[in-house]
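Trainee: What follows is input-v7.cif; its format and atoms are mmCIF, C-alpha atoms.
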data_query
#
loop_
_atom_site.label_atom_id
_atom_site.label_comp_id
_atom_site.auth_asym_id
_atom_site.auth_seq_id
_atom_site.Cartn_x
_atom_site.Cartn_y
_atom_site.Cartn_z
CA MET X 1 100.74 130.35 140.17
CA GLN X 2 97.30 128.89 140.07
CA ASN X 3 96.66 125.30 141.20
CA ARG X 4 93.43 123.73 139.98
CA ARG X 5 92.18 120.19 140.43
CA LEU X 6 91.65 118.57 137.03
CA GLY X 7 90.60 115.13 138.09
CA LYS X 8 91.82 112.25 140.14
CA ASN X 9 95.30 113.20 141.44
CA MET X 10 95.94 115.71 138.65
CA VAL X 11 96.77 119.35 139.33
CA ASP X 12 97.13 122.16 136.76
CA ASN X 13 100.06 124.37 137.84
CA SER X 14 99.60 127.03 135.18
CA CYS X 15 99.45 130.80 135.35
CA PRO X 16 96.00 132.38 135.65
CA LEU X 17 93.95 132.44 132.46
CA ASN X 18 94.01 136.24 132.10
CA SER X 19 96.99 136.01 129.75
CA PRO X 20 98.05 138.93 127.57
CA ASP X 21 96.50 139.27 124.11
CA LEU X 22 98.96 137.86 121.56
CA SER X 23 96.63 138.21 118.59
CA GLN X 24 98.68 141.05 117.06
CA ILE X 25 101.95 139.13 116.90
CA GLU X 26 103.23 136.05 115.11
CA VAL X 27 103.88 133.09 117.41
CA VAL X 28 106.43 130.46 116.39
CA SER X 29 106.67 127.29 118.47
CA LEU X 30 109.81 125.20 118.11
CA ALA X 31 110.59 121.74 119.45
CA PRO X 32 113.96 120.83 117.95
CA GLU X 33 114.68 117.14 117.61
CA GLY X 34 117.16 116.26 120.32
CA GLY X 35 116.19 119.33 122.35
CA VAL X 36 118.07 122.50 123.14
CA GLY X 37 121.10 122.33 125.42
CA ASP X 38 120.97 125.77 126.98
CA TYR X 39 120.02 129.43 126.65
CA ARG X 40 122.76 130.12 124.09
CA GLN X 41 121.45 127.49 121.71
CA ALA X 42 117.88 128.64 122.27
CA VAL X 43 118.61 132.31 121.56
CA ALA X 44 120.52 131.34 118.40
CA LEU X 45 117.45 129.44 117.14
CA ALA X 46 115.17 132.33 118.06
CA ARG X 47 117.40 134.84 116.25
CA GLU X 48 117.29 132.64 113.14
CA GLU X 49 113.49 132.83 113.20
CA ALA X 50 113.56 136.60 113.68
CA GLY X 51 116.04 136.94 110.81
CA LYS X 52 113.64 135.10 108.50
CA ARG X 53 110.90 137.63 109.22
CA PHE X 54 112.61 140.97 109.75
CA GLU X 55 115.39 142.73 107.89
CA GLU X 56 116.54 144.16 111.20
CA TYR X 57 115.23 143.28 114.64
CA MET X 58 115.76 143.73 118.35
CA LEU X 59 115.36 141.13 121.09
CA VAL X 60 113.00 142.96 123.44
CA SER X 61 112.40 140.46 126.24
CA TRP X 62 112.84 136.80 127.09
CA TYR X 63 112.35 134.06 129.66
CA ASP X 64 114.60 131.12 130.58
CA ARG X 65 112.67 128.57 132.63
CA ASP X 66 115.82 126.51 133.37
CA ARG X 67 117.23 129.41 135.39
CA ASP X 68 113.83 130.96 136.19
CA PHE X 69 115.09 134.26 134.79
CA GLU X 70 113.25 136.88 132.80
CA SER X 71 114.67 139.88 131.01
CA PRO X 72 114.35 142.70 131.63
CA PRO X 73 114.80 141.55 135.23
CA ASN X 74 112.06 142.16 137.77
CA THR X 75 109.36 142.94 135.22
CA THR X 76 107.02 140.52 136.97
CA GLU X 77 105.61 142.54 139.85
CA SER X 78 103.92 139.78 141.83
CA SER X 79 105.74 137.14 143.79
CA GLY X 80 105.27 133.49 143.01
CA ASP X 81 106.05 131.08 140.25
CA CYS X 82 104.14 132.78 137.45
CA LYS X 83 106.61 134.91 135.50
CA ASN X 84 104.82 136.99 132.86
CA GLY X 85 106.29 140.48 133.13
CA TYR X 86 108.57 139.83 130.19
CA ILE X 87 105.46 139.17 128.07
CA HIS X 88 103.82 142.48 129.00
CA TYR X 89 107.15 144.27 128.52
CA GLY X 90 107.62 142.79 125.04
CA LEU X 91 104.10 143.64 123.94
CA SER X 92 104.33 147.19 125.25
CA HIS X 93 107.62 147.67 123.38
CA ASP X 94 106.29 146.76 119.91
CA ALA X 95 107.21 143.06 119.79
CA ARG X 96 105.77 141.47 116.65
CA LEU X 97 107.24 137.97 117.04
CA LYS X 98 107.18 135.47 119.89
CA VAL X 99 109.45 132.45 119.60
CA ASP X 100 108.53 129.72 122.07
CA ILE X 101 111.05 126.90 122.35
CA GLU X 102 110.14 123.60 123.99
CA GLU X 103 106.73 124.68 125.27
CA GLY X 104 107.83 127.66 127.32
CA ARG X 105 111.29 126.48 128.35
CA PHE X 106 112.70 129.47 126.46
CA VAL X 107 110.52 132.32 125.17
CA PHE X 108 111.73 135.32 123.16
CA PHE X 109 109.95 138.49 121.98
CA PHE X 110 111.34 140.40 118.99
CA ALA X 111 110.48 143.78 117.52
CA PRO X 112 111.34 144.89 114.00
CA VAL X 113 113.71 147.82 113.68
CA GLU X 114 112.51 150.30 111.09
CA TRP X 115 114.67 153.32 110.36
CA GLU X 116 113.05 156.64 109.51
CA PRO X 117 114.69 158.59 106.68
CA VAL X 118 116.29 161.79 107.88
#
Do you think you could lay out the structure here as structure tokens?
Mentor:
Amino acid sequence: MQNRRLGKNMVDNSCPLNSPDLSQIEVVSLAPEGGVGDYRQAVALAREEAGKRFEEYMLVSWYDRDRDFESPPNTTESSGDCKNGYIHYGLSHDARLKVDIEEGRFVFFFAPVEWEPV
């Protein structure tokens, strides 16, 4: 995690700015009124969004900030507070949709499933 001084007594605790390129995917940000109770509610909302965009889809990777857990596990190679391996994993496995719930509290990457005729 990167700590930068922003001004009097303010510190930015964000990940480094060399974030992955998300220009090739659709990003949906959700902030439900009343909030989201837990991961189960968040993933249900994210699946609804994926269902609106894809006939069939697969949840490729995700992050739960409440539990500080990413899936697939251990995809972030560096130690520290900046979990971003799930992002790289999702992008390298054809994710076309990112659903961000409550400003990074829960983040999900989905890929469309397209069947080839046999």
Trainee: Report as an mmCIF file with C-alpha atoms, keeping the file's coordinate frame the residues that result from applying the PyMOL selection byres ((chain X and resi 69) around 12) to the structure here.
Mentor:
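Here's the written file selection-v8.cif:
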data_model
loop_
_atom_site.group_PDB
_atom_site.id
_atom_site.type_symbol
_atom_site.label_atom_id
_atom_site.label_comp_id
_atom_site.auth_asym_id
_atom_site.auth_seq_id
_atom_site.Cartn_x
_atom_site.Cartn_y
_atom_site.Cartn_z
ATOM 1 C CA TYR X 39 120.020 129.430 126.650
ATOM 2 C CA SER X 61 112.400 140.460 126.240
ATOM 3 C CA TRP X 62 112.840 136.800 127.090
ATOM 4 C CA TYR X 63 112.350 134.060 129.660
ATOM 5 C CA ASP X 64 114.600 131.120 130.580
ATOM 6 C CA ARG X 65 112.670 128.570 132.630
ATOM 7 C CA ASP X 66 115.820 126.510 133.370
ATOM 8 C CA ARG X 67 117.230 129.410 135.390
ATOM 9 C CA ASP X 68 113.830 130.960 136.190
ATOM 10 C CA GLU X 70 113.250 136.880 132.800
ATOM 11 C CA SER X 71 114.670 139.880 131.010
ATOM 12 C CA PRO X 72 114.350 142.700 131.630
ATOM 13 C CA PRO X 73 114.800 141.550 135.230
ATOM 14 C CA ASN X 74 112.060 142.160 137.770
ATOM 15 C CA THR X 75 109.360 142.940 135.220
ATOM 16 C CA THR X 76 107.020 140.520 136.970
ATOM 17 C CA ASP X 81 106.050 131.080 140.250
ATOM 18 C CA CYS X 82 104.140 132.780 137.450
ATOM 19 C CA LYS X 83 106.610 134.910 135.500
ATOM 20 C CA ASN X 84 104.820 136.990 132.860
ATOM 21 C CA GLY X 85 106.290 140.480 133.130
ATOM 22 C CA TYR X 86 108.570 139.830 130.190
ATOM 23 C CA ARG X 105 111.290 126.480 128.350
ATOM 24 C CA PHE X 106 112.700 129.470 126.460
ATOM 25 C CA VAL X 107 110.520 132.320 125.170
#
Trainee: On this structure, which residues satisfy the PyMOL selection byres ((chain X and resi 94-102) around 9), written as number ranges by chain?
Mentor: X: 22, 24-32, 35-36, 42, 45-47, 49-50, 53, 58-61, 89-93, 103-112
Trainee: Just how far from atom CA of Phe54 of chain X is atom CA of Trp115 of chain X, in Å to one decimal?
Mentor: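 Computing it gives 12.5 Å between the two atoms.
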Trainee: In Å, with one decimal, what is the gap from atom CA of Ala44 of chain X to atom CA of Glu116 of chain X?
Mentor: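 These two atoms are separated by 27.8 Å.
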Trainee: Distance atom CA of Pro20 of chain X-atom CA of Ile87 of chain X, one decimal place?
Mentor: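 Between atom CA of Pro20 of chain X and atom CA of Ile87 of chain X the gap works out to 7.4 Å.
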Trainee: Applied to this file, what does the PyMOL selection byres ((chain X and resi 113) around 6) return in terms of residues, put as a list in words?
Mentor: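 Applying the expression gives Glu56, Tyr57, Pro112 and Glu114 of chain X.
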